[in-house]
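The structure file structure.cif is reproduced below (mmCIF, C-alpha atoms).
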data_input
#
loop_
_atom_site.label_atom_id
_atom_site.label_comp_id
_atom_site.auth_asym_id
_atom_site.auth_seq_id
_atom_site.Cartn_x
_atom_site.Cartn_y
_atom_site.Cartn_z
CA MET A 1 20.83 -55.43 -56.34
CA THR A 2 20.86 -53.58 -53.01
CA GLU A 3 18.91 -55.41 -50.32
CA PRO A 4 16.51 -53.49 -48.07
CA ILE A 5 17.37 -53.06 -44.41
CA LYS A 6 13.67 -53.38 -43.61
CA GLU A 7 10.64 -54.62 -45.50
CA GLY A 8 7.03 -54.80 -44.46
CA SER A 9 3.51 -53.50 -44.94
CA ALA A 10 1.23 -50.99 -43.30
CA LEU A 11 -2.56 -51.33 -43.13
CA ILE A 12 -3.89 -48.13 -44.70
CA HIS A 13 -7.59 -47.62 -45.46
CA GLY A 14 -8.27 -51.33 -45.68
CA ALA A 15 -5.21 -52.36 -47.72
CA ASN A 16 -1.78 -53.62 -46.75
CA ILE A 17 0.64 -51.23 -48.48
CA HIS A 18 4.04 -52.81 -49.02
CA TYR A 19 7.25 -50.86 -48.44
CA ARG A 20 11.02 -51.34 -48.42
CA ILE A 21 13.65 -49.22 -46.64
CA TYR A 22 17.25 -48.81 -47.82
CA GLY A 23 20.10 -46.90 -46.21
CA ASN A 24 20.15 -44.89 -43.00
CA GLY A 25 20.90 -41.35 -44.12
CA PRO A 26 19.82 -38.39 -41.99
CA LYS A 27 17.04 -37.40 -44.41
CA THR A 28 14.29 -39.48 -45.97
CA LEU A 29 13.45 -39.87 -49.66
CA LEU A 30 10.23 -41.57 -50.76
CA LEU A 31 10.20 -43.11 -54.25
CA LEU A 32 6.89 -43.51 -56.13
CA HIS A 33 6.75 -45.74 -59.20
CA GLY A 34 4.68 -45.44 -62.37
CA ASN A 35 1.54 -47.14 -63.66
CA GLY A 36 1.65 -50.94 -63.65
CA GLU A 37 5.06 -51.04 -61.93
CA ASP A 38 6.28 -51.51 -58.36
CA GLY A 39 9.09 -50.18 -56.20
CA HIS A 40 11.68 -52.25 -58.05
CA CYS A 41 11.51 -49.83 -60.97
CA PHE A 42 14.09 -47.82 -58.99
CA ASP A 43 16.62 -50.65 -58.60
CA LYS A 44 19.20 -48.62 -60.56
CA GLN A 45 18.72 -45.59 -58.29
CA ILE A 46 18.74 -47.20 -54.86
CA PRO A 47 22.49 -47.99 -54.67
CA ASP A 48 23.36 -44.32 -55.29
CA LEU A 49 20.52 -42.69 -53.37
CA SER A 50 20.82 -44.88 -50.28
CA LYS A 51 24.39 -43.68 -49.73
CA TYR A 52 23.00 -40.33 -48.63
CA PHE A 53 19.35 -40.88 -47.71
CA GLN A 54 17.02 -43.24 -45.95
CA VAL A 55 15.22 -44.38 -49.09
CA ILE A 56 11.68 -45.73 -48.88
CA THR A 57 10.00 -47.42 -51.82
CA MET A 58 6.34 -48.37 -51.73
CA ASP A 59 4.17 -50.42 -54.04
CA SER A 60 1.13 -48.30 -54.80
CA ARG A 61 -2.33 -49.65 -53.94
CA GLY A 62 -3.22 -52.49 -56.32
CA HIS A 63 0.38 -52.74 -57.58
CA GLY A 64 3.22 -55.10 -56.74
CA LEU A 65 2.81 -56.61 -53.28
CA SER A 66 0.29 -54.00 -52.10
CA GLU A 67 -3.36 -54.95 -51.79
CA ARG A 68 -6.15 -53.35 -53.80
CA GLY A 69 -8.34 -52.80 -50.74
CA PRO A 70 -11.92 -51.51 -50.63
CA GLU A 71 -11.21 -47.87 -51.53
CA PRO A 72 -11.52 -46.53 -55.09
CA LEU A 73 -8.31 -47.08 -57.06
CA THR A 74 -7.38 -43.48 -57.78
CA LEU A 75 -4.23 -41.39 -57.80
CA ASP A 76 -5.73 -39.30 -55.02
CA GLN A 77 -6.14 -42.37 -52.82
CA MET A 78 -2.56 -43.39 -53.61
CA SER A 79 -1.36 -39.96 -52.50
CA ILE A 80 -3.22 -40.43 -49.21
CA ASP A 81 -1.64 -43.88 -48.85
CA ALA A 82 1.84 -42.38 -49.34
CA ILE A 83 1.29 -39.73 -46.68
CA GLU A 84 -0.16 -42.26 -44.25
CA LEU A 85 2.78 -44.63 -44.84
CA LEU A 86 5.28 -41.90 -43.96
CA LYS A 87 3.31 -41.16 -40.80
CA TYR A 88 3.17 -44.88 -39.97
CA LEU A 89 6.96 -45.05 -40.31
CA ARG A 90 7.27 -41.96 -38.08
CA VAL A 91 8.99 -39.91 -40.75
CA LYS A 92 8.43 -36.27 -39.81
CA SER A 93 9.36 -34.84 -43.22
CA ALA A 94 10.65 -36.22 -46.51
CA SER A 95 11.59 -35.44 -50.07
CA VAL A 96 9.51 -37.25 -52.69
CA LEU A 97 10.63 -38.54 -56.07
CA GLY A 98 7.93 -39.74 -58.44
CA PHE A 99 8.10 -41.29 -61.89
CA SER A 100 5.19 -40.99 -64.36
CA ASP A 101 2.01 -41.69 -62.33
CA GLY A 102 4.30 -41.53 -59.30
CA ALA A 103 5.10 -37.92 -60.20
CA ASN A 104 1.38 -37.21 -60.39
CA ILE A 105 0.88 -38.80 -56.97
CA ALA A 106 3.74 -36.68 -55.61
CA MET A 107 2.06 -33.50 -56.88
CA LEU A 108 -1.21 -34.53 -55.24
CA MET A 109 0.65 -35.16 -51.97
CA ALA A 110 2.15 -31.67 -52.09
CA LEU A 111 -1.19 -30.06 -52.96
CA LYS A 112 -2.81 -31.57 -49.86
CA SER A 113 -0.43 -29.50 -47.68
CA VAL A 114 -0.91 -31.89 -44.75
CA TYR A 115 2.61 -33.32 -44.73
CA PRO A 116 5.93 -31.40 -44.87
CA ILE A 117 7.64 -32.20 -48.18
CA GLU A 118 11.20 -30.90 -48.37
CA LYS A 119 11.87 -31.31 -52.09
CA LEU A 120 10.09 -32.79 -55.10
CA VAL A 121 11.52 -34.65 -58.07
CA LEU A 122 8.88 -35.08 -60.79
CA ALA A 123 9.89 -37.25 -63.73
CA GLY A 124 7.56 -37.73 -66.69
CA GLY A 125 4.50 -36.41 -64.90
CA ASN A 126 1.37 -34.93 -66.43
CA LEU A 127 -1.51 -32.79 -65.20
CA TYR A 128 -4.21 -34.35 -67.37
CA PRO A 129 -4.42 -37.18 -69.94
CA MET A 130 -4.10 -34.84 -72.93
CA GLY A 131 -0.58 -34.05 -71.76
CA VAL A 132 0.50 -37.42 -73.19
CA LYS A 133 1.44 -37.62 -76.87
CA PRO A 134 -1.38 -39.22 -78.92
CA SER A 135 0.97 -41.92 -80.25
CA CYS A 136 1.34 -43.18 -76.68
CA GLN A 137 -2.10 -42.37 -75.28
CA LEU A 138 -4.20 -43.98 -78.04
CA PRO A 139 -2.84 -47.52 -77.45
CA THR A 140 -3.56 -47.06 -73.74
CA ILE A 141 -7.14 -46.03 -74.50
CA LEU A 142 -7.53 -49.01 -76.82
CA GLY A 143 -6.13 -51.42 -74.23
CA TYR A 144 -8.41 -49.96 -71.58
CA GLY A 145 -11.44 -50.40 -73.85
CA ILE A 146 -10.62 -54.03 -74.63
CA CYS A 147 -9.95 -54.94 -71.01
CA SER A 148 -13.14 -53.18 -69.91
CA LEU A 149 -15.19 -55.24 -72.38
CA ILE A 150 -13.97 -58.57 -71.04
CA ALA A 151 -13.67 -57.48 -67.40
CA LYS A 152 -17.04 -59.07 -66.53
CA PHE A 153 -15.67 -62.49 -67.42
CA ASP A 154 -11.98 -62.22 -66.54
CA LYS A 155 -10.54 -61.07 -63.20
CA LYS A 156 -7.13 -60.26 -64.67
CA ALA A 157 -8.74 -58.12 -67.36
CA ARG A 158 -10.75 -56.30 -64.70
CA THR A 159 -7.58 -55.51 -62.75
CA LYS A 160 -5.77 -54.43 -65.91
CA ALA A 161 -8.67 -52.19 -66.94
CA GLU A 162 -8.67 -50.50 -63.55
CA ILE A 163 -4.95 -49.78 -63.72
CA LEU A 164 -5.03 -48.60 -67.35
CA GLY A 165 -8.01 -46.46 -66.41
CA LEU A 166 -5.73 -44.38 -64.21
CA MET A 167 -3.92 -43.17 -67.34
CA VAL A 168 -7.11 -42.72 -69.37
CA LYS A 169 -9.11 -40.79 -66.76
CA GLU A 170 -6.43 -39.23 -64.57
CA PRO A 171 -4.86 -37.05 -63.36
CA ARG A 172 -6.99 -33.90 -63.30
CA ILE A 173 -4.73 -31.22 -61.87
CA ASN A 174 -5.29 -27.54 -62.56
CA PRO A 175 -1.91 -25.98 -63.44
CA ASP A 176 -2.89 -22.85 -61.50
CA SER A 177 -3.14 -24.93 -58.33
CA LEU A 178 0.58 -25.78 -58.51
CA GLY A 179 1.30 -22.23 -57.37
CA ARG A 180 0.42 -23.41 -53.85
CA ILE A 181 3.38 -25.81 -53.77
CA THR A 182 6.31 -24.13 -52.04
CA ALA A 183 8.78 -27.03 -52.03
CA PRO A 184 11.71 -26.73 -54.48
CA ALA A 185 10.97 -29.01 -57.42
CA LEU A 186 13.13 -30.66 -60.07
CA ILE A 187 11.18 -31.47 -63.22
CA LEU A 188 12.72 -34.26 -65.32
CA ALA A 189 11.85 -35.48 -68.79
CA GLY A 190 13.50 -37.39 -71.59
CA GLU A 191 14.20 -35.59 -74.85
CA ARG A 192 11.97 -38.22 -76.50
CA ASP A 193 9.47 -38.46 -73.66
CA MET A 194 5.90 -39.66 -74.10
CA ILE A 195 4.79 -36.47 -72.34
CA LYS A 196 4.40 -33.48 -74.66
CA ASP A 197 7.32 -31.08 -74.34
CA LYS A 198 5.03 -28.07 -73.91
CA HIS A 199 3.16 -29.91 -71.15
CA THR A 200 6.35 -30.64 -69.20
CA LYS A 201 7.29 -26.98 -69.52
CA LEU A 202 3.82 -25.99 -68.27
CA ILE A 203 4.39 -28.00 -65.09
CA ALA A 204 7.78 -26.37 -64.53
CA ARG A 205 6.40 -22.91 -65.26
CA SER A 206 3.47 -23.41 -62.86
CA LEU A 207 5.61 -24.38 -59.87
CA PRO A 208 7.03 -21.38 -57.97
CA LYS A 209 10.42 -22.99 -57.21
CA SER A 210 11.25 -25.24 -60.13
CA THR A 211 14.05 -26.24 -62.42
CA LEU A 212 13.55 -28.30 -65.58
CA THR A 213 16.17 -30.72 -66.84
CA ILE A 214 15.80 -32.61 -70.12
CA ILE A 215 17.85 -35.81 -70.40
CA PRO A 216 19.31 -35.87 -73.95
CA LYS A 217 18.20 -38.72 -76.24
CA ALA A 218 16.23 -40.32 -73.39
CA SER A 219 12.75 -41.77 -73.62
CA HIS A 220 10.13 -41.59 -70.86
CA PHE A 221 12.08 -44.15 -68.83
CA VAL A 222 14.91 -41.93 -67.62
CA PHE A 223 15.53 -44.16 -64.58
CA GLY A 224 16.36 -47.17 -66.76
CA LYS A 225 18.81 -46.93 -69.64
CA TRP A 226 19.76 -43.36 -68.68
CA ALA A 227 20.12 -44.11 -64.96
CA GLU A 228 23.70 -42.89 -64.56
CA GLN A 229 23.00 -39.43 -65.95
CA THR A 230 19.63 -39.15 -64.25
CA ASN A 231 21.01 -40.20 -60.86
CA GLU A 232 23.67 -37.49 -61.06
CA VAL A 233 21.08 -34.80 -61.79
CA VAL A 234 18.79 -36.02 -59.01
CA LEU A 235 21.54 -36.21 -56.39
CA ASN A 236 22.89 -32.78 -57.28
CA PHE A 237 19.42 -31.36 -56.69
CA LEU A 238 18.58 -33.31 -53.54
CA ARG A 239 21.95 -32.77 -51.86
CA SER A 240 22.05 -29.05 -52.53
CA ASP A 241 21.74 -27.03 -49.32
CA SER A 242 19.89 -24.30 -51.17
CA LYS A 243 16.19 -24.08 -50.30
CA THR A 244 15.41 -22.49 -53.63
CA VAL A 245 16.30 -23.40 -57.18
CA PRO A 246 16.59 -21.28 -60.30
CA GLY A 247 13.08 -20.54 -61.55
CA HIS A 248 12.10 -22.36 -64.72
CA HIS A 249 15.69 -23.11 -65.77
CA VAL A 250 16.08 -25.63 -68.60
CA SER A 251 19.23 -27.70 -68.89
CA GLN A 252 20.25 -30.52 -71.20
#
Full structure transcribed into structure tokens:
Amino acid sequence: MTEPIKEGSALIHGANIHYRIYGNGPKTLLLLHGNGEDGHCFDKQIPDLSKYFQVITMDSRGHGLSERGPEPLTLDQMSIDAIELLKYLRVKSASVLGFSDGANIAMLMALKSVYPIEKLVLAGGNLYPMGVKPSCQLPTILGYGICSLIAKFDKKARTKAEILGLMVKEPRINPDSLGRITAPALILAGERDMIKDKHTKLIARSLPKSTLTIIPKASHFVFGKWAEQTNEVVLNFLRSDSKTVPGHHVSQ
């Protein structure tokens, strides 16, 4: 496993947000993990990506080594945390790669238009909870309900309920609003993703400068078992000098 060249935390809105930095490339790439994970979910990407970029991973608020803090635990707050972390690290502009809830956070970052994002990579994101296939969403709803019932008596259940609640209640992004995002965007999904195929295509169609790539035979977790293929697609996109990408192109 590649070791970070720097590791620390930044106090953002009452919580210490943990980060790790790998590589010293001329451009910066921020990696945002999914629900219930931490920055180590990208361990199979960092060796490849850090050859060309300064790669920053962060543990989202209430995840990994980052504190929960006093603010509401929402995707919107996590997007604010990500922007503030980049400012804290004096990164003037960056590309952002997000997986699952991380992709949703990345979209919220771009929609705020307060930080210059060079390129977006959105893997397994969704605009609203109904974008998830029922076979995957129903167990999440059930788990959230159970944890919520016992949250009054169990601290771990309360924490779990809050995190699962992010997938039950969020995100709430209007597809029409994505038209405001001008950064070139790569939309990634597995052929057997937990996100509905038509929903992934809606995201790609709603972004002005997007390309959609489906990883054959892959599940939602394209950065795990399918890391080699996914890394190649991501690097080809990020290292391209072109500031635009083919609109709504689908490749497999």
Next on the checklist: If the PyMOL selection byres ((chain A and resi 105-108) around 9) were run on this exact file, what residues would it hold? Put them as an NGL selection string.
Outcome noted: :A and (32 or 75-80 or 82 or 96-104 or 109-112 or 120-122 or 125 or 171 or 173 or 178 or 181)
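Straight-line separation from atom CA of Ala218 of chain A to atom CA of Thr230 of chain A: 9.8 Å.
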Item to check | Within 8 Å of Ile21 of chain A using all atoms listed in the file, minus same-chain residues under 6 positions, as a PyMOL selection string | outcome: chain A and resi 4-7+54-57
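For the residues A:Cys147, A:Leu127, A:Ala161, A:Met1, ranking by smallest atom-to-atom distance to Asp43 of chain A using only C-alpha atoms places A:Met1 first.
Nearest to Ser95 of chain A of all the residues A:Lys201, A:Ala157, A:Leu29, A:Arg68 is A:Leu29, counting all atoms listed in the file.
Put simply, the PyMOL selection byres ((chain A and resi 194) around 8) in this file takes in A:Gly124, A:Val132, A:Lys133, A:Cys136, A:Arg192, A:Asp193, A:Ile195, A:Lys196, A:Ser219, A:His220.
Proximity to Lys198 of chain A was assessed for A:Asn126, A:Thr211, A:Ser113, A:Asn24 counting all atoms listed in the file; the smallest distance is recorded for A:Asn126.
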Once the PyMOL selection byres ((chain A and resi 225) around 12) has been evaluated on this model, what residues remain selected, and can you format them as a tab-separated table (two decimals) with C-alpha atoms, in the frame of the given file?
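Output contents, as saved in expr-v6.tsv:
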chain	number	residue	atom	x	y	z
A	41	CYS	CA	11.51	-49.83	-60.97
A	42	PHE	CA	14.09	-47.82	-58.99
A	43	ASP	CA	16.62	-50.65	-58.60
A	44	LYS	CA	19.20	-48.62	-60.56
A	45	GLN	CA	18.72	-45.59	-58.29
A	190	GLY	CA	13.50	-37.39	-71.59
A	215	ILE	CA	17.85	-35.81	-70.40
A	216	PRO	CA	19.31	-35.87	-73.95
A	217	LYS	CA	18.20	-38.72	-76.24
A	218	ALA	CA	16.23	-40.32	-73.39
A	219	SER	CA	12.75	-41.77	-73.62
A	220	HIS	CA	10.13	-41.59	-70.86
A	221	PHE	CA	12.08	-44.15	-68.83
A	222	VAL	CA	14.91	-41.93	-67.62
A	223	PHE	CA	15.53	-44.16	-64.58
A	224	GLY	CA	16.36	-47.17	-66.76
A	226	TRP	CA	19.76	-43.36	-68.68
A	227	ALA	CA	20.12	-44.11	-64.96
A	228	GLU	CA	23.70	-42.89	-64.56
A	229	GLN	CA	23.00	-39.43	-65.95
A	230	THR	CA	19.63	-39.15	-64.25
A	231	ASN	CA	21.01	-40.20	-60.86
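Of the listed residues (A:Asp154, A:Glu71, A:Glu3, A:Glu118), A:Glu3 comes nearest to His40 of chain A; the distances count all atoms listed in the file.
The space separating atom CA of Phe53 of chain A from atom CA of Tyr19 of chain A comes to 15.7 Å.
Minimum atom-to-atom distance to Leu31 of chain A, evaluated using all atoms listed in the file, belongs to A:Ser60 out of A:Thr200, A:Ser60, A:Thr159, A:Ser93.
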Item to check | Selected residue of minimal separation from Arg90 of chain A among A:Thr74, A:Ser210, A:Ser240, A:Thr28, counting all atoms listed in the file | outcome: A:Thr28
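Reported to one decimal place, the separation of atom CA of Gly39 of chain A from atom CA of Asp59 of chain A is 5.4 Å.
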Item to check | Selection near Pro70 of chain A, 8 Å with all atoms listed in the file, sequence-local residues under 6 positions removed, as JSON, numbers by chain | outcome: {"A": [13, 14, 15]}
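Proximity to Glu170 of chain A at 8 Å, evaluated using all atoms listed in the file and with sequence-adjacent residues fewer than 4 positions away removed, yields Leu75, Tyr128, Pro129, Gly165 and Leu166 of chain A.
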Taking all heavy atoms as the atom set, what does segment 32-43 of chain A look like once completed, written as an mmCIF file, in the frame of the given file?
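Resulting contents of rebuild-v6.cif:
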data_model
loop_
_atom_site.group_PDB
_atom_site.id
_atom_site.type_symbol
_atom_site.label_atom_id
_atom_site.label_comp_id
_atom_site.auth_asym_id
_atom_site.auth_seq_id
_atom_site.Cartn_x
_atom_site.Cartn_y
_atom_site.Cartn_z
ATOM 1 N N LEU A 32 8.208 -43.085 -55.661
ATOM 2 C CA LEU A 32 6.890 -43.510 -56.130
ATOM 3 C C LEU A 32 6.964 -43.931 -57.586
ATOM 4 O O LEU A 32 7.314 -43.120 -58.453
ATOM 5 C CB LEU A 32 5.888 -42.361 -55.958
ATOM 6 C CG LEU A 32 5.697 -41.839 -54.530
ATOM 7 C CD1 LEU A 32 4.836 -40.581 -54.535
ATOM 8 C CD2 LEU A 32 5.084 -42.907 -53.640
ATOM 9 N N HIS A 33 6.617 -45.170 -57.859
ATOM 10 C CA HIS A 33 6.750 -45.740 -59.200
ATOM 11 C C HIS A 33 5.590 -45.347 -60.110
ATOM 12 O O HIS A 33 4.612 -44.723 -59.695
ATOM 13 C CB HIS A 33 6.846 -47.265 -59.107
ATOM 14 C CG HIS A 33 5.617 -47.903 -58.525
ATOM 15 N ND1 HIS A 33 4.465 -48.098 -59.247
ATOM 16 C CD2 HIS A 33 5.357 -48.382 -57.268
ATOM 17 C CE1 HIS A 33 3.551 -48.672 -58.480
ATOM 18 N NE2 HIS A 33 4.054 -48.847 -57.270
ATOM 19 N N GLY A 34 5.686 -45.766 -61.373
ATOM 20 C CA GLY A 34 4.680 -45.440 -62.370
ATOM 21 C C GLY A 34 3.586 -46.496 -62.498
ATOM 22 O O GLY A 34 3.569 -47.508 -61.781
ATOM 23 N N ASN A 35 2.693 -46.280 -63.437
ATOM 24 C CA ASN A 35 1.540 -47.140 -63.660
ATOM 25 C C ASN A 35 1.968 -48.556 -64.034
ATOM 26 O O ASN A 35 2.804 -48.764 -64.919
ATOM 27 C CB ASN A 35 0.680 -46.555 -64.778
ATOM 28 C CG ASN A 35 -0.623 -47.292 -64.970
ATOM 29 O OD1 ASN A 35 -0.656 -48.342 -65.585
ATOM 30 N ND2 ASN A 35 -1.702 -46.719 -64.470
ATOM 31 N N GLY A 36 1.385 -49.542 -63.350
ATOM 32 C CA GLY A 36 1.650 -50.940 -63.650
ATOM 33 C C GLY A 36 2.990 -51.454 -63.160
ATOM 34 O O GLY A 36 3.354 -52.601 -63.438
ATOM 35 N N GLU A 37 3.737 -50.639 -62.412
ATOM 36 C CA GLU A 37 5.060 -51.040 -61.930
ATOM 37 C C GLU A 37 4.995 -51.318 -60.428
ATOM 38 O O GLU A 37 3.927 -51.392 -59.833
ATOM 39 C CB GLU A 37 6.067 -49.924 -62.215
ATOM 40 C CG GLU A 37 6.228 -49.579 -63.688
ATOM 41 C CD GLU A 37 7.210 -48.439 -63.913
ATOM 42 O OE1 GLU A 37 7.223 -47.499 -63.088
ATOM 43 O OE2 GLU A 37 7.950 -48.483 -64.906
ATOM 44 N N ASP A 38 6.176 -51.455 -59.814
ATOM 45 C CA ASP A 38 6.280 -51.510 -58.360
ATOM 46 C C ASP A 38 7.594 -50.841 -57.968
ATOM 47 O O ASP A 38 8.287 -50.274 -58.817
ATOM 48 C CB ASP A 38 6.186 -52.953 -57.826
ATOM 49 C CG ASP A 38 7.279 -53.870 -58.357
ATOM 50 O OD1 ASP A 38 8.399 -53.394 -58.646
ATOM 51 O OD2 ASP A 38 7.025 -55.083 -58.478
ATOM 52 N N GLY A 39 7.914 -50.884 -56.695
ATOM 53 C CA GLY A 39 9.090 -50.180 -56.200
ATOM 54 C C GLY A 39 10.397 -50.595 -56.820
ATOM 55 O O GLY A 39 11.381 -49.851 -56.771
ATOM 56 N N HIS A 40 10.435 -51.777 -57.438
ATOM 57 C CA HIS A 40 11.680 -52.250 -58.050
ATOM 58 C C HIS A 40 12.043 -51.481 -59.316
ATOM 59 O O HIS A 40 13.129 -51.672 -59.857
ATOM 60 C CB HIS A 40 11.581 -53.748 -58.346
ATOM 61 C CG HIS A 40 11.690 -54.600 -57.125
ATOM 62 N ND1 HIS A 40 12.820 -54.646 -56.335
ATOM 63 C CD2 HIS A 40 10.786 -55.439 -56.535
ATOM 64 C CE1 HIS A 40 12.633 -55.472 -55.321
ATOM 65 N NE2 HIS A 40 11.404 -55.964 -55.423
ATOM 66 N N CYS A 41 11.160 -50.617 -59.790
ATOM 67 C CA CYS A 41 11.510 -49.830 -60.970
ATOM 68 C C CYS A 41 12.673 -48.878 -60.674
ATOM 69 O O CYS A 41 13.286 -48.338 -61.599
ATOM 70 C CB CYS A 41 10.301 -49.068 -61.506
ATOM 71 S SG CYS A 41 9.958 -47.499 -60.717
ATOM 72 N N PHE A 42 12.995 -48.699 -59.384
ATOM 73 C CA PHE A 42 14.090 -47.820 -58.990
ATOM 74 C C PHE A 42 15.341 -48.591 -58.580
ATOM 75 O O PHE A 42 16.208 -48.051 -57.882
ATOM 76 C CB PHE A 42 13.649 -46.924 -57.834
ATOM 77 C CG PHE A 42 12.537 -45.980 -58.185
ATOM 78 C CD1 PHE A 42 11.267 -46.167 -57.651
ATOM 79 C CD2 PHE A 42 12.747 -44.909 -59.039
ATOM 80 C CE1 PHE A 42 10.229 -45.294 -57.956
ATOM 81 C CE2 PHE A 42 11.715 -44.040 -59.359
ATOM 82 C CZ PHE A 42 10.460 -44.233 -58.817
ATOM 83 N N ASP A 43 15.460 -49.839 -59.004
ATOM 84 C CA ASP A 43 16.620 -50.650 -58.600
ATOM 85 C C ASP A 43 17.945 -50.026 -59.019
ATOM 86 O O ASP A 43 18.975 -50.238 -58.357
ATOM 87 C CB ASP A 43 16.502 -52.063 -59.189
ATOM 88 C CG ASP A 43 15.532 -52.937 -58.410
ATOM 89 O OD1 ASP A 43 15.089 -52.515 -57.319
ATOM 90 O OD2 ASP A 43 15.188 -54.036 -58.895
#
